[in-house]
Amino acid sequence: MTFNIQKLRHEFPNLAINVHGKPLVYLDNAATTLKPRCVIDAVNAYYVTGVSNVHRGVHFLSEQATAAFEYSRQVVRQFLHARKVEEIIFTKGATESLNLIAQSYGRHFLKKDDEIIISHMEHHSNIVPWQMLCQQTGAVLKVIPINDQGEIIFEEYLKLLSDKTKLVSIVWVSNSLGTVNPIKSVIDAAHKRGAVVVIDAAQAVTHAPVNVQELDCDFLVFSGHKVFGPTGVGVLYGKEKWLEVMPPYQGGGDMIKSVTFAGTTYNALPYKFEAGTPAIAEVIGLRSALEFFQNIGWDAMKQYKQELLDYGTKALLSIEGLRIIGTAKDKTSIISFIIEGIHPHDLGTLVDQEGVAIRTGHHCTQPVMQHFGIPATARASLAMYNTKEELDTLVQAINRAKQIFK
């Protein structure tokens, strides 16, 4: 597909709706992305013409659904450049994937006084599971500080690393700051100390191509709904050597080879970690989303989003009293900001009246807000279907809101 913005926008039905009588301007893509027609059609087709459970039937519909489900796993493997499909685990989302790692890998391998390193900019889903693990095992949580630009202080990270460091879990792209972390350097430094590395790639999967073999990360997670796919489905990539020795996260159907009252033998990878009926329609929809997304072309898409980020940053900074939170040298198309005298929640409500959807709050990164001494921010997060004209509409909506608070 050639990157043609008007043609691209026609693929997303939501962009044609009105909100409060105004054309929708959707700038909440870091929370969830809109879905192209091909994803909607793929999910609909499963329910209309092919609904059946997978892996358990010999009838036509079951075999058809199983083939579609497992082909989706192959597409994800190719998207991440993983070695084997056995390294691709389907979950409910990045949050469940992180909890799976914490409970299956962490509880099995970590012990009292072992150290886990995360950063100050983590999403709550990459904080709370490790806190819970520390309570369970006696491990100790260490935090990489950030500077006032919203960047990790890499020298402090190196100081935290020691022979006690057993696991490093870090976000690739911050959902609240837009910061792009030097992820390869983070991984290499951790591996020199013998630590396992987990990458939260929920925002990164739409920022740049992912090659888990080149990164050499041990685990990587993302959610389907951040990459134009359905909600309720996510991916855990794990190196085969770790997944083989990790115990299952949940027990139930399909994750077993045999069950007796005397004991259970677990299934082979990847099914060992996929208990119960999976999100079949959502997995099929995710495949369609990844195929659609990759057909657009990384270079053109990245250049266009950079243009949007530059334009939006300049336009917002023209507003008197506006301060951008997160000014890293390397950042993606997320602009968080505050305006003197207006609470972000009030601002979000007022610009919504103009048809503009932004996110307001702490964005599940309360430690980030505490670092900057603020309760919340307003956040405009941009996707490949957004336009400069929409950013102009955002600026106009903010200026109208400011008039109310004069």
# chains A, B, ... in the order shown; residues from 1 in each chain; ligands from 1

$ residues_around --residues "Phe69 (chain A)" --least-positions-apart "3" --cutoff "12 Å" --atoms "only C-alpha atoms" --output "number ranges by chain"
A: 42-43, 46, 50-55, 62-66, 72-76, 89-90, 277-288

$ residues_around --residues "region 298-308 of chain A" --least-positions-apart "6" --cutoff "9 Å" --atoms "only C-alpha atoms" --output "list in words"
Thr2, Phe3, Thr206, His207, Ala208, Pro209, Thr332, Ser333, Leu382, Ala383, Met384, Asn386, Thr387, Lys388 and Leu391 of chain A

$ write_last_selection --atoms "N, CA and C atoms" --output "mmCIF file, in the first residue's frame"
data_model
loop_
_atom_site.group_PDB
_atom_site.id
_atom_site.type_symbol
_atom_site.label_atom_id
_atom_site.label_comp_id
_atom_site.auth_asym_id
_atom_site.auth_seq_id
_atom_site.Cartn_x
_atom_site.Cartn_y
_atom_site.Cartn_z
ATOM 1 N N THR A 2 0.597 2.201 -0.893
ATOM 2 C CA THR A 2 1.296 3.476 -0.900
ATOM 3 C C THR A 2 0.748 4.335 0.225
ATOM 4 N N PHE A 3 1.634 5.097 0.891
ATOM 5 C CA PHE A 3 1.189 5.909 2.014
ATOM 6 C C PHE A 3 0.506 7.175 1.498
ATOM 7 N N THR A 206 4.345 0.307 16.965
ATOM 8 C CA THR A 206 3.954 1.180 15.861
ATOM 9 C C THR A 206 5.015 2.249 15.587
ATOM 10 N N HIS A 207 6.098 2.204 16.317
ATOM 11 C CA HIS A 207 7.154 3.218 16.160
ATOM 12 C C HIS A 207 8.258 2.780 15.215
ATOM 13 N N ALA A 208 8.656 1.532 15.302
ATOM 14 C CA ALA A 208 9.777 1.041 14.500
ATOM 15 C C ALA A 208 9.663 -0.469 14.361
ATOM 16 N N PRO A 209 10.276 -1.054 13.332
ATOM 17 C CA PRO A 209 10.268 -2.516 13.195
ATOM 18 C C PRO A 209 10.909 -3.178 14.413
ATOM 19 N N THR A 332 8.752 9.737 20.262
ATOM 20 C CA THR A 332 7.790 9.430 19.214
ATOM 21 C C THR A 332 6.585 10.343 19.347
ATOM 22 N N SER A 333 5.549 10.086 18.575
ATOM 23 C CA SER A 333 4.457 11.041 18.382
ATOM 24 C C SER A 333 3.444 11.050 19.527
ATOM 25 N N LEU A 382 -0.492 10.639 18.431
ATOM 26 C CA LEU A 382 -0.761 10.704 17.000
ATOM 27 C C LEU A 382 -0.520 9.364 16.321
ATOM 28 N N ALA A 383 -1.359 9.070 15.345
ATOM 29 C CA ALA A 383 -1.212 7.862 14.540
ATOM 30 C C ALA A 383 -1.040 8.255 13.080
ATOM 31 N N MET A 384 -0.805 7.254 12.257
ATOM 32 C CA MET A 384 -0.508 7.488 10.848
ATOM 33 C C MET A 384 -1.680 8.090 10.094
ATOM 34 N N ASN A 386 -3.669 10.525 11.318
ATOM 35 C CA ASN A 386 -3.916 11.899 11.743
ATOM 36 C C ASN A 386 -3.337 12.896 10.748
ATOM 37 N N THR A 387 -3.798 14.149 10.856
ATOM 38 C CA THR A 387 -3.373 15.181 9.911
ATOM 39 C C THR A 387 -2.970 16.455 10.659
ATOM 40 N N LYS A 388 -2.272 17.315 9.952
ATOM 41 C CA LYS A 388 -1.903 18.619 10.515
ATOM 42 C C LYS A 388 -3.154 19.460 10.773
ATOM 43 N N LEU A 391 -4.486 18.723 14.083
ATOM 44 C CA LEU A 391 -3.712 19.382 15.137
ATOM 45 C C LEU A 391 -4.089 20.856 15.239
#

$ closest_residue --among "A:Ile101, A:Ala204, A:Val85, A:Val233" --to "Asp218 (chain A)" --atoms "only C-alpha atoms"
A:Ile101

$ closest_residue --among "A:Ile88, A:Leu158, A:Ala378, A:Leu34" --to "Lys272 (chain A)" --atoms "only C-alpha atoms"
A:Ile88

$ residues_around --residues "region 354-371 of chain A" --least-positions-apart "6" --cutoff "7 Å" --atoms "only C-alpha atoms" --output "PyMOL selection string"
chain A and resi 19-20+22-28+120-124+176+344-345+348+377-380+394+397

$ write_last_selection --atoms "N, CA and C atoms" --output "mmCIF file, in the first residue's frame"
data_model
loop_
_atom_site.group_PDB
_atom_site.id
_atom_site.type_symbol
_atom_site.label_atom_id
_atom_site.label_comp_id
_atom_site.auth_asym_id
_atom_site.auth_seq_id
_atom_site.Cartn_x
_atom_site.Cartn_y
_atom_site.Cartn_z
ATOM 1 N N VAL A 19 -18.873 13.936 16.610
ATOM 2 C CA VAL A 19 -18.982 13.966 18.070
ATOM 3 C C VAL A 19 -19.456 15.363 18.466
ATOM 4 N N HIS A 20 -20.586 15.422 19.155
ATOM 5 C CA HIS A 20 -21.182 16.718 19.512
ATOM 6 C C HIS A 20 -21.370 17.590 18.278
ATOM 7 N N LYS A 22 -19.583 17.715 15.628
ATOM 8 C CA LYS A 22 -18.325 18.096 14.981
ATOM 9 C C LYS A 22 -17.622 16.837 14.467
ATOM 10 N N PRO A 23 -16.888 16.956 13.357
ATOM 11 C CA PRO A 23 -16.117 15.796 12.878
ATOM 12 C C PRO A 23 -15.129 15.328 13.944
ATOM 13 N N LEU A 24 -15.072 14.018 14.143
ATOM 14 C CA LEU A 24 -14.166 13.472 15.150
ATOM 15 C C LEU A 24 -12.710 13.771 14.804
ATOM 16 N N VAL A 25 -11.981 14.269 15.788
ATOM 17 C CA VAL A 25 -10.524 14.378 15.716
ATOM 18 C C VAL A 25 -9.983 13.442 16.786
ATOM 19 N N TYR A 26 -9.474 12.306 16.382
ATOM 20 C CA TYR A 26 -9.083 11.262 17.332
ATOM 21 C C TYR A 26 -7.582 11.331 17.597
ATOM 22 N N LEU A 27 -7.239 11.804 18.792
ATOM 23 C CA LEU A 27 -5.836 11.972 19.183
ATOM 24 C C LEU A 27 -5.557 11.224 20.478
ATOM 25 N N ASP A 28 -6.116 10.022 20.571
ATOM 26 C CA ASP A 28 -5.958 9.189 21.777
ATOM 27 C C ASP A 28 -5.393 7.824 21.410
ATOM 28 N N HIS A 120 11.791 4.661 36.122
ATOM 29 C CA HIS A 120 10.837 5.576 36.747
ATOM 30 C C HIS A 120 9.672 5.905 35.814
ATOM 31 N N MET A 121 9.809 5.605 34.518
ATOM 32 C CA MET A 121 8.760 5.976 33.559
ATOM 33 C C MET A 121 7.834 4.816 33.205
ATOM 34 N N GLU A 122 7.880 3.738 33.973
ATOM 35 C CA GLU A 122 7.088 2.560 33.611
ATOM 36 C C GLU A 122 5.583 2.773 33.791
ATOM 37 N N HIS A 123 4.829 2.124 32.930
ATOM 38 C CA HIS A 123 3.388 1.968 33.086
ATOM 39 C C HIS A 123 3.149 1.110 34.325
ATOM 40 N N HIS A 124 2.029 1.316 34.977
ATOM 41 C CA HIS A 124 1.742 0.544 36.194
ATOM 42 C C HIS A 124 1.812 -0.964 35.959
ATOM 43 N N SER A 176 3.436 7.942 28.372
ATOM 44 C CA SER A 176 3.051 9.252 28.901
ATOM 45 C C SER A 176 4.016 10.365 28.504
ATOM 46 N N PRO A 344 -6.121 19.313 33.636
ATOM 47 C CA PRO A 344 -6.241 18.509 32.418
ATOM 48 C C PRO A 344 -7.613 17.878 32.201
ATOM 49 N N HIS A 345 -8.279 17.459 33.280
ATOM 50 C CA HIS A 345 -9.601 16.848 33.126
ATOM 51 C C HIS A 345 -10.607 17.856 32.583
ATOM 52 N N GLY A 348 -9.801 18.356 28.887
ATOM 53 C CA GLY A 348 -10.266 17.241 28.076
ATOM 54 C C GLY A 348 -11.757 17.292 27.821
ATOM 55 N N THR A 377 -1.645 15.057 33.154
ATOM 56 C CA THR A 377 -1.395 15.827 31.938
ATOM 57 C C THR A 377 -2.531 15.584 30.955
ATOM 58 N N ALA A 378 -2.596 16.461 29.965
ATOM 59 C CA ALA A 378 -3.389 16.182 28.768
ATOM 60 C C ALA A 378 -2.429 15.577 27.751
ATOM 61 N N ARG A 379 -2.912 14.619 26.977
ATOM 62 C CA ARG A 379 -2.015 13.919 26.052
ATOM 63 C C ARG A 379 -2.663 13.789 24.678
ATOM 64 N N ALA A 380 -1.956 14.310 23.681
ATOM 65 C CA ALA A 380 -2.344 14.092 22.289
ATOM 66 C C ALA A 380 -1.370 13.076 21.710
ATOM 67 N N LEU A 394 -7.151 20.948 17.268
ATOM 68 C CA LEU A 394 -6.824 20.803 18.689
ATOM 69 C C LEU A 394 -6.407 22.143 19.279
ATOM 70 N N ALA A 397 -9.347 24.372 19.690
ATOM 71 C CA ALA A 397 -10.199 23.918 20.794
ATOM 72 C C ALA A 397 -9.599 24.311 22.142
#

$ residues_around --residues "Val186 (chain A)" --least-positions-apart "6" --cutoff "9 Å" --atoms "only C-alpha atoms" --output "list in words"
Phe154, Tyr157, Leu158, Val168, Ile170 and Val197 of chain A

$ write_last_selection --atoms "all heavy atoms" --output "short mmCIF file (atom, residue, chain, number, x, y, z; two decimals), in the first residue's frame"
data_model
loop_
_atom_site.label_atom_id
_atom_site.label_comp_id
_atom_site.auth_asym_id
_atom_site.auth_seq_id
_atom_site.Cartn_x
_atom_site.Cartn_y
_atom_site.Cartn_z
N PHE A 154 21.15 6.98 31.99
CA PHE A 154 21.77 5.69 31.68
C PHE A 154 22.93 5.37 32.62
O PHE A 154 23.14 4.21 33.00
CB PHE A 154 22.25 5.67 30.22
CG PHE A 154 22.51 4.29 29.70
CD1 PHE A 154 21.46 3.49 29.25
CD2 PHE A 154 23.80 3.76 29.67
CE1 PHE A 154 21.70 2.20 28.78
CE2 PHE A 154 24.04 2.48 29.20
CZ PHE A 154 22.97 1.70 28.76
N TYR A 157 21.62 3.79 35.60
CA TYR A 157 21.25 2.41 35.31
C TYR A 157 22.45 1.49 35.44
O TYR A 157 22.38 0.42 36.08
CB TYR A 157 20.65 2.32 33.91
CG TYR A 157 20.51 0.91 33.36
CD1 TYR A 157 19.76 -0.06 34.04
CD2 TYR A 157 21.11 0.55 32.16
CE1 TYR A 157 19.63 -1.34 33.52
CE2 TYR A 157 20.97 -0.73 31.64
CZ TYR A 157 20.24 -1.67 32.33
OH TYR A 157 20.11 -2.95 31.82
N LEU A 158 23.56 1.91 34.86
CA LEU A 158 24.78 1.09 34.94
C LEU A 158 25.23 0.89 36.38
O LEU A 158 25.73 -0.18 36.75
CB LEU A 158 25.89 1.73 34.11
CG LEU A 158 25.64 1.81 32.59
CD1 LEU A 158 26.81 2.50 31.91
CD2 LEU A 158 25.40 0.44 32.00
N VAL A 168 15.75 -7.33 34.37
CA VAL A 168 15.50 -5.94 34.02
C VAL A 168 14.25 -5.90 33.15
O VAL A 168 14.16 -6.62 32.17
CB VAL A 168 16.69 -5.33 33.25
CG1 VAL A 168 16.37 -3.91 32.79
CG2 VAL A 168 17.96 -5.33 34.11
N ILE A 170 11.80 -3.11 31.21
CA ILE A 170 11.78 -1.69 30.87
C ILE A 170 10.92 -1.43 29.65
O ILE A 170 10.80 -2.27 28.74
CB ILE A 170 13.23 -1.18 30.63
CG1 ILE A 170 13.26 0.35 30.53
CG2 ILE A 170 13.85 -1.84 29.40
CD1 ILE A 170 14.66 0.92 30.64
N VAL A 197 16.14 -9.94 30.40
CA VAL A 197 15.55 -8.65 30.06
C VAL A 197 14.16 -8.82 29.46
O VAL A 197 13.96 -9.61 28.53
CB VAL A 197 16.44 -7.87 29.07
CG1 VAL A 197 15.84 -6.48 28.79
CG2 VAL A 197 17.86 -7.72 29.61
#

$ atom_distance --atom1 "CA of Ala30 (chain A)" --atom2 "CA of Ile404 (chain A)"
28.0 Å

$ select_by_dssp --residues "region 99-274 of chain A" --states "helix (DSSP H, G or I)" --output "NGL selection string"
:A and (99-109 or 124-126 or 128-137 or 154-160 or 183-192 or 204-206 or 212-215 or 224-227 or 240-245 or 271-273)

$ closest_residue --among "A:Thr95, A:Ala275, A:Leu133, A:Ser174" --to "Ser336 (chain A)" --atoms "only C-alpha atoms"
A:Ser174

$ atom_distance --atom1 "CA of Phe372 (chain A)" --atom2 "CA of Glu390 (chain A)"
28.1 Å

$ closest_residue --among "A:Thr264, A:His10, A:Ile146, A:Asp200" --to "Glu96 (chain A)" --atoms "only C-alpha atoms"
A:Asp200

$ residues_around --residues "Glu274 (chain A)" --least-positions-apart "5" --cutoff "10 Å" --atoms "only C-alpha atoms" --output "PyMOL selection string"
chain A and resi 89-91+248-256+267+269

$ closest_atom_pairs --of "region 190-224 of chain A" --to "region 238-244 of chain A" --cutoff "9 Å" --atoms "only C-alpha atoms" --output "tab-separated table"
residue	atom	partner	partner_atom	distance
A:Val198	CA	A:Gly238	CA	9.0
A:Cys217	CA	A:Lys239	CA	8.1
A:Asp218	CA	A:Lys239	CA	5.5
A:Phe219	CA	A:Gly238	CA	4.4
A:Leu220	CA	A:Gly238	CA	6.7
A:Val221	CA	A:Gly238	CA	8.8

$ residues_around --residues "Pro36 (chain A)" --least-positions-apart "3" --cutoff "6 Å" --atoms "only C-alpha atoms" --output "list of chain:residue names"
A:Glu11, A:Phe12, A:Val39

$ write_last_selection --atoms "all heavy atoms" --output "JSON list (two decimals), in the first residue's frame"
[["chain", "number", "residue", "atom", "x", "y", "z"],
["A", 11, "GLU", "N", -9.93, 3.97, 5.22],
["A", 11, "GLU", "CA", -9.92, 2.59, 5.72],
["A", 11, "GLU", "C", -10.39, 2.49, 7.17],
["A", 11, "GLU", "O", -10.60, 1.39, 7.68],
["A", 11, "GLU", "CB", -8.50, 2.01, 5.61],
["A", 11, "GLU", "CG", -7.97, 1.89, 4.19],
["A", 11, "GLU", "CD", -8.78, 0.94, 3.35],
["A", 11, "GLU", "OE1", -9.25, -0.08, 3.89],
["A", 11, "GLU", "OE2", -8.96, 1.21, 2.14],
["A", 12, "PHE", "N", -10.58, 3.64, 7.82],
["A", 12, "PHE", "CA", -10.94, 3.66, 9.25],
["A", 12, "PHE", "C", -12.32, 4.29, 9.41],
["A", 12, "PHE", "O", -12.46, 5.52, 9.43],
["A", 12, "PHE", "CB", -9.89, 4.43, 10.05],
["A", 12, "PHE", "CG", -8.55, 3.74, 10.11],
["A", 12, "PHE", "CD1", -7.64, 3.90, 9.09],
["A", 12, "PHE", "CD2", -8.23, 2.91, 11.18],
["A", 12, "PHE", "CE1", -6.40, 3.26, 9.13],
["A", 12, "PHE", "CE2", -7.01, 2.26, 11.23],
["A", 12, "PHE", "CZ", -6.09, 2.43, 10.19],
["A", 39, "VAL", "N", -9.68, -5.33, 9.53],
["A", 39, "VAL", "CA", -9.72, -5.97, 10.86],
["A", 39, "VAL", "C", -11.16, -6.24, 11.26],
["A", 39, "VAL", "O", -11.50, -7.33, 11.74],
["A", 39, "VAL", "CB", -9.01, -5.08, 11.90],
["A", 39, "VAL", "CG1", -9.24, -5.62, 13.31],
["A", 39, "VAL", "CG2", -7.52, -5.00, 11.60]]

$ select_by_dssp --residues "region 81-183 of chain A" --states "strand (DSSP E or B)" --output "CSV table (one decimal) with all heavy atoms, in the first residue's frame"
chain,number,residue,atom,x,y,z
A,88,ILE,N,5.9,-17.7,20.5
A,88,ILE,CA,4.8,-16.7,20.4
A,88,ILE,C,3.6,-17.2,21.3
A,88,ILE,O,3.0,-18.2,20.9
A,88,ILE,CB,4.3,-16.4,19.0
A,88,ILE,CG1,5.5,-16.0,18.1
A,88,ILE,CG2,3.2,-15.4,19.0
A,88,ILE,CD1,6.2,-14.7,18.6
A,89,ILE,N,3.3,-16.5,22.3
A,89,ILE,CA,2.2,-16.9,23.2
A,89,ILE,C,1.1,-15.8,23.1
A,89,ILE,O,1.4,-14.6,23.2
A,89,ILE,CB,2.7,-17.0,24.7
A,89,ILE,CG1,4.0,-17.8,24.9
A,89,ILE,CG2,1.6,-17.5,25.6
A,89,ILE,CD1,3.8,-19.2,24.5
A,90,PHE,N,-0.1,-16.3,22.9
A,90,PHE,CA,-1.2,-15.3,22.9
A,90,PHE,C,-1.8,-15.1,24.3
A,90,PHE,O,-2.0,-16.1,25.0
A,90,PHE,CB,-2.3,-15.8,21.9
A,90,PHE,CG,-1.9,-15.7,20.5
A,90,PHE,CD1,-2.0,-16.8,19.7
A,90,PHE,CD2,-1.6,-14.5,19.9
A,90,PHE,CE1,-1.6,-16.7,18.3
A,90,PHE,CE2,-1.2,-14.3,18.6
A,90,PHE,CZ,-1.2,-15.5,17.8
A,91,THR,N,-2.0,-13.9,24.6
A,91,THR,CA,-2.5,-13.5,26.0
A,91,THR,C,-3.7,-12.5,25.8
A,91,THR,O,-4.0,-12.2,24.6
A,91,THR,CB,-1.4,-12.8,26.8
A,91,THR,OG1,-1.0,-11.6,26.2
A,91,THR,CG2,-0.2,-13.8,27.0
A,115,GLU,N,17.7,-9.0,42.7
A,115,GLU,CA,17.3,-7.6,42.4
A,115,GLU,C,16.6,-7.5,41.0
A,115,GLU,O,17.1,-8.2,40.1
A,115,GLU,CB,18.5,-6.6,42.5
A,115,GLU,CG,19.0,-6.5,43.9
A,115,GLU,CD,20.1,-5.5,44.0
A,115,GLU,OE1,20.6,-5.0,43.0
A,115,GLU,OE2,20.5,-5.3,45.2
A,116,ILE,N,15.6,-6.8,40.9
A,116,ILE,CA,14.8,-6.5,39.7
A,116,ILE,C,15.0,-5.0,39.4
A,116,ILE,O,14.8,-4.2,40.3
A,116,ILE,CB,13.3,-6.8,39.8
A,116,ILE,CG1,13.2,-8.3,40.2
A,116,ILE,CG2,12.6,-6.5,38.6
A,116,ILE,CD1,11.8,-8.7,40.6
A,117,ILE,N,15.3,-4.6,38.2
A,117,ILE,CA,15.4,-3.2,37.8
A,117,ILE,C,14.3,-2.8,36.8
A,117,ILE,O,14.1,-3.5,35.8
A,117,ILE,CB,16.8,-2.9,37.2
A,117,ILE,CG1,17.9,-3.2,38.2
A,117,ILE,CG2,16.9,-1.5,36.7
A,117,ILE,CD1,19.3,-2.9,37.7
A,118,ILE,N,13.6,-1.7,37.1
A,118,ILE,CA,12.7,-1.1,36.2
A,118,ILE,C,13.1,0.4,36.1
A,118,ILE,O,14.0,0.8,36.8
A,118,ILE,CB,11.2,-1.3,36.7
A,118,ILE,CG1,11.0,-0.6,38.0
A,118,ILE,CG2,10.8,-2.8,36.7
A,118,ILE,CD1,9.5,-0.6,38.5
A,119,SER,N,12.3,1.1,35.4
A,119,SER,CA,12.6,2.6,35.3
A,119,SER,C,11.5,3.4,35.9
A,119,SER,O,10.4,2.9,36.1
A,119,SER,CB,12.8,3.0,33.8
A,119,SER,OG,11.6,3.3,33.2
A,140,VAL,N,14.2,-7.7,45.5
A,140,VAL,CA,14.3,-6.2,45.8
A,140,VAL,C,14.1,-5.5,44.5
A,140,VAL,O,14.8,-5.8,43.5
A,140,VAL,CB,15.6,-5.8,46.4
A,140,VAL,CG1,15.7,-4.3,46.7
A,140,VAL,CG2,15.8,-6.6,47.8
A,141,LEU,N,13.3,-4.5,44.5
A,141,LEU,CA,13.0,-3.7,43.3
A,141,LEU,C,13.9,-2.4,43.3
A,141,LEU,O,13.9,-1.7,44.2
A,141,LEU,CB,11.5,-3.3,43.2
A,141,LEU,CG,11.0,-2.7,41.9
A,141,LEU,CD1,11.1,-3.7,40.8
A,141,LEU,CD2,9.6,-2.2,42.1
A,142,LYS,N,14.6,-2.2,42.2
A,142,LYS,CA,15.4,-1.0,42.0
A,142,LYS,C,14.8,-0.2,40.8
A,142,LYS,O,14.3,-0.8,39.9
A,142,LYS,CB,16.9,-1.4,41.7
A,142,LYS,CG,17.5,-2.3,42.8
A,142,LYS,CD,17.9,-1.4,43.9
A,142,LYS,CE,18.7,-2.2,45.0
A,142,LYS,NZ,19.3,-1.4,46.1
A,143,VAL,N,15.0,1.1,40.9
A,143,VAL,CA,14.4,2.0,39.9
A,143,VAL,C,15.4,2.9,39.3
A,143,VAL,O,16.1,3.6,40.0
A,143,VAL,CB,13.3,2.8,40.5
A,143,VAL,CG1,12.6,3.7,39.5
A,143,VAL,CG2,12.2,1.9,41.2
A,144,ILE,N,15.5,2.9,37.9
A,144,ILE,CA,16.3,3.8,37.2
A,144,ILE,C,15.7,5.2,37.2
A,144,ILE,O,14.6,5.4,36.8
A,144,ILE,CB,16.5,3.4,35.7
A,144,ILE,CG1,16.9,1.9,35.6
A,144,ILE,CG2,17.5,4.3,35.0
A,144,ILE,CD1,16.7,1.3,34.2
A,146,ILE,N,14.9,9.2,36.2
A,146,ILE,CA,14.8,9.9,34.9
A,146,ILE,C,15.2,11.4,35.1
A,146,ILE,O,15.1,11.9,36.3
A,146,ILE,CB,13.4,9.8,34.3
A,146,ILE,CG1,12.3,10.4,35.2
A,146,ILE,CG2,13.1,8.4,33.9
A,146,ILE,CD1,10.9,10.4,34.6
A,152,ILE,N,15.7,8.2,30.7
A,152,ILE,CA,16.4,7.5,31.8
A,152,ILE,C,17.8,8.0,31.9
A,152,ILE,O,18.4,8.4,30.9
A,152,ILE,CB,16.4,6.0,31.5
A,152,ILE,CG1,17.1,5.6,30.3
A,152,ILE,CG2,15.0,5.4,31.5
A,152,ILE,CD1,17.4,4.1,30.1
A,165,THR,N,21.6,-8.4,40.2
A,165,THR,CA,20.5,-8.1,39.2
A,165,THR,C,20.2,-9.4,38.5
A,165,THR,O,21.0,-10.0,37.8
A,165,THR,CB,21.0,-7.1,38.2
A,165,THR,OG1,21.4,-5.9,39.0
A,165,THR,CG2,19.8,-6.7,37.3
A,166,LYS,N,18.9,-9.8,38.6
A,166,LYS,CA,18.5,-11.1,37.9
A,166,LYS,C,17.5,-10.8,36.8
A,166,LYS,O,17.4,-11.6,35.9
A,166,LYS,CB,17.8,-12.0,38.9
A,166,LYS,CG,18.7,-12.4,40.1
A,166,LYS,CD,20.0,-13.0,39.6
A,166,LYS,CE,21.0,-13.4,40.8
A,166,LYS,NZ,22.3,-13.8,40.3
A,167,LEU,N,16.9,-9.6,36.8
A,167,LEU,CA,15.9,-9.3,35.8
A,167,LEU,C,15.8,-7.8,35.6
A,167,LEU,O,15.8,-7.0,36.6
A,167,LEU,CB,14.5,-9.9,36.2
A,167,LEU,CG,13.4,-9.8,35.2
A,167,LEU,CD1,12.6,-11.0,35.2
A,167,LEU,CD2,12.5,-8.6,35.4
A,168,VAL,N,15.7,-7.3,34.4
A,168,VAL,CA,15.5,-5.9,34.0
A,168,VAL,C,14.3,-5.9,33.2
A,168,VAL,O,14.2,-6.6,32.2
A,168,VAL,CB,16.7,-5.3,33.3
A,168,VAL,CG1,16.4,-3.9,32.8
A,168,VAL,CG2,18.0,-5.3,34.1
A,169,SER,N,13.3,-5.1,33.5
A,169,SER,CA,12.0,-4.9,32.8
A,169,SER,C,11.8,-3.5,32.5
A,169,SER,O,11.7,-2.7,33.4
A,169,SER,CB,10.8,-5.5,33.5
A,169,SER,OG,9.7,-5.6,32.7
A,170,ILE,N,11.8,-3.1,31.2
A,170,ILE,CA,11.8,-1.7,30.9
A,170,ILE,C,10.9,-1.4,29.6
A,170,ILE,O,10.8,-2.3,28.7
A,170,ILE,CB,13.2,-1.2,30.6
A,170,ILE,CG1,13.3,0.3,30.5
A,170,ILE,CG2,13.9,-1.8,29.4
A,170,ILE,CD1,14.7,0.9,30.6
A,171,VAL,N,10.3,-0.3,29.6
A,171,VAL,CA,9.5,0.2,28.5
A,171,VAL,C,10.4,0.7,27.4
A,171,VAL,O,11.4,1.3,27.6
A,171,VAL,CB,8.5,1.3,29.0
A,171,VAL,CG1,9.2,2.6,29.3
A,171,VAL,CG2,7.4,1.5,27.9
A,173,VAL,N,9.1,2.5,24.6
A,173,VAL,CA,8.6,3.8,24.3
A,173,VAL,C,7.6,4.2,25.4
A,173,VAL,O,6.6,3.5,25.6
A,173,VAL,CB,7.9,3.9,22.9
A,173,VAL,CG1,7.2,5.3,22.7
A,173,VAL,CG2,8.9,3.6,21.8
A,179,THR,N,9.0,9.2,25.2
A,179,THR,CA,10.5,8.9,25.2
A,179,THR,C,10.7,7.5,24.5
A,179,THR,O,10.1,6.6,24.9
A,179,THR,CB,11.0,8.9,26.6
A,179,THR,OG1,10.8,10.2,27.2
A,179,THR,CG2,12.5,8.7,26.6
A,180,VAL,N,11.7,7.5,23.7
A,180,VAL,CA,12.2,6.2,23.1
A,180,VAL,C,13.5,5.9,23.8
A,180,VAL,O,14.5,6.6,23.7
A,180,VAL,CB,12.4,6.4,21.6
A,180,VAL,CG1,12.9,5.0,21.0
A,180,VAL,CG2,11.2,6.8,20.9
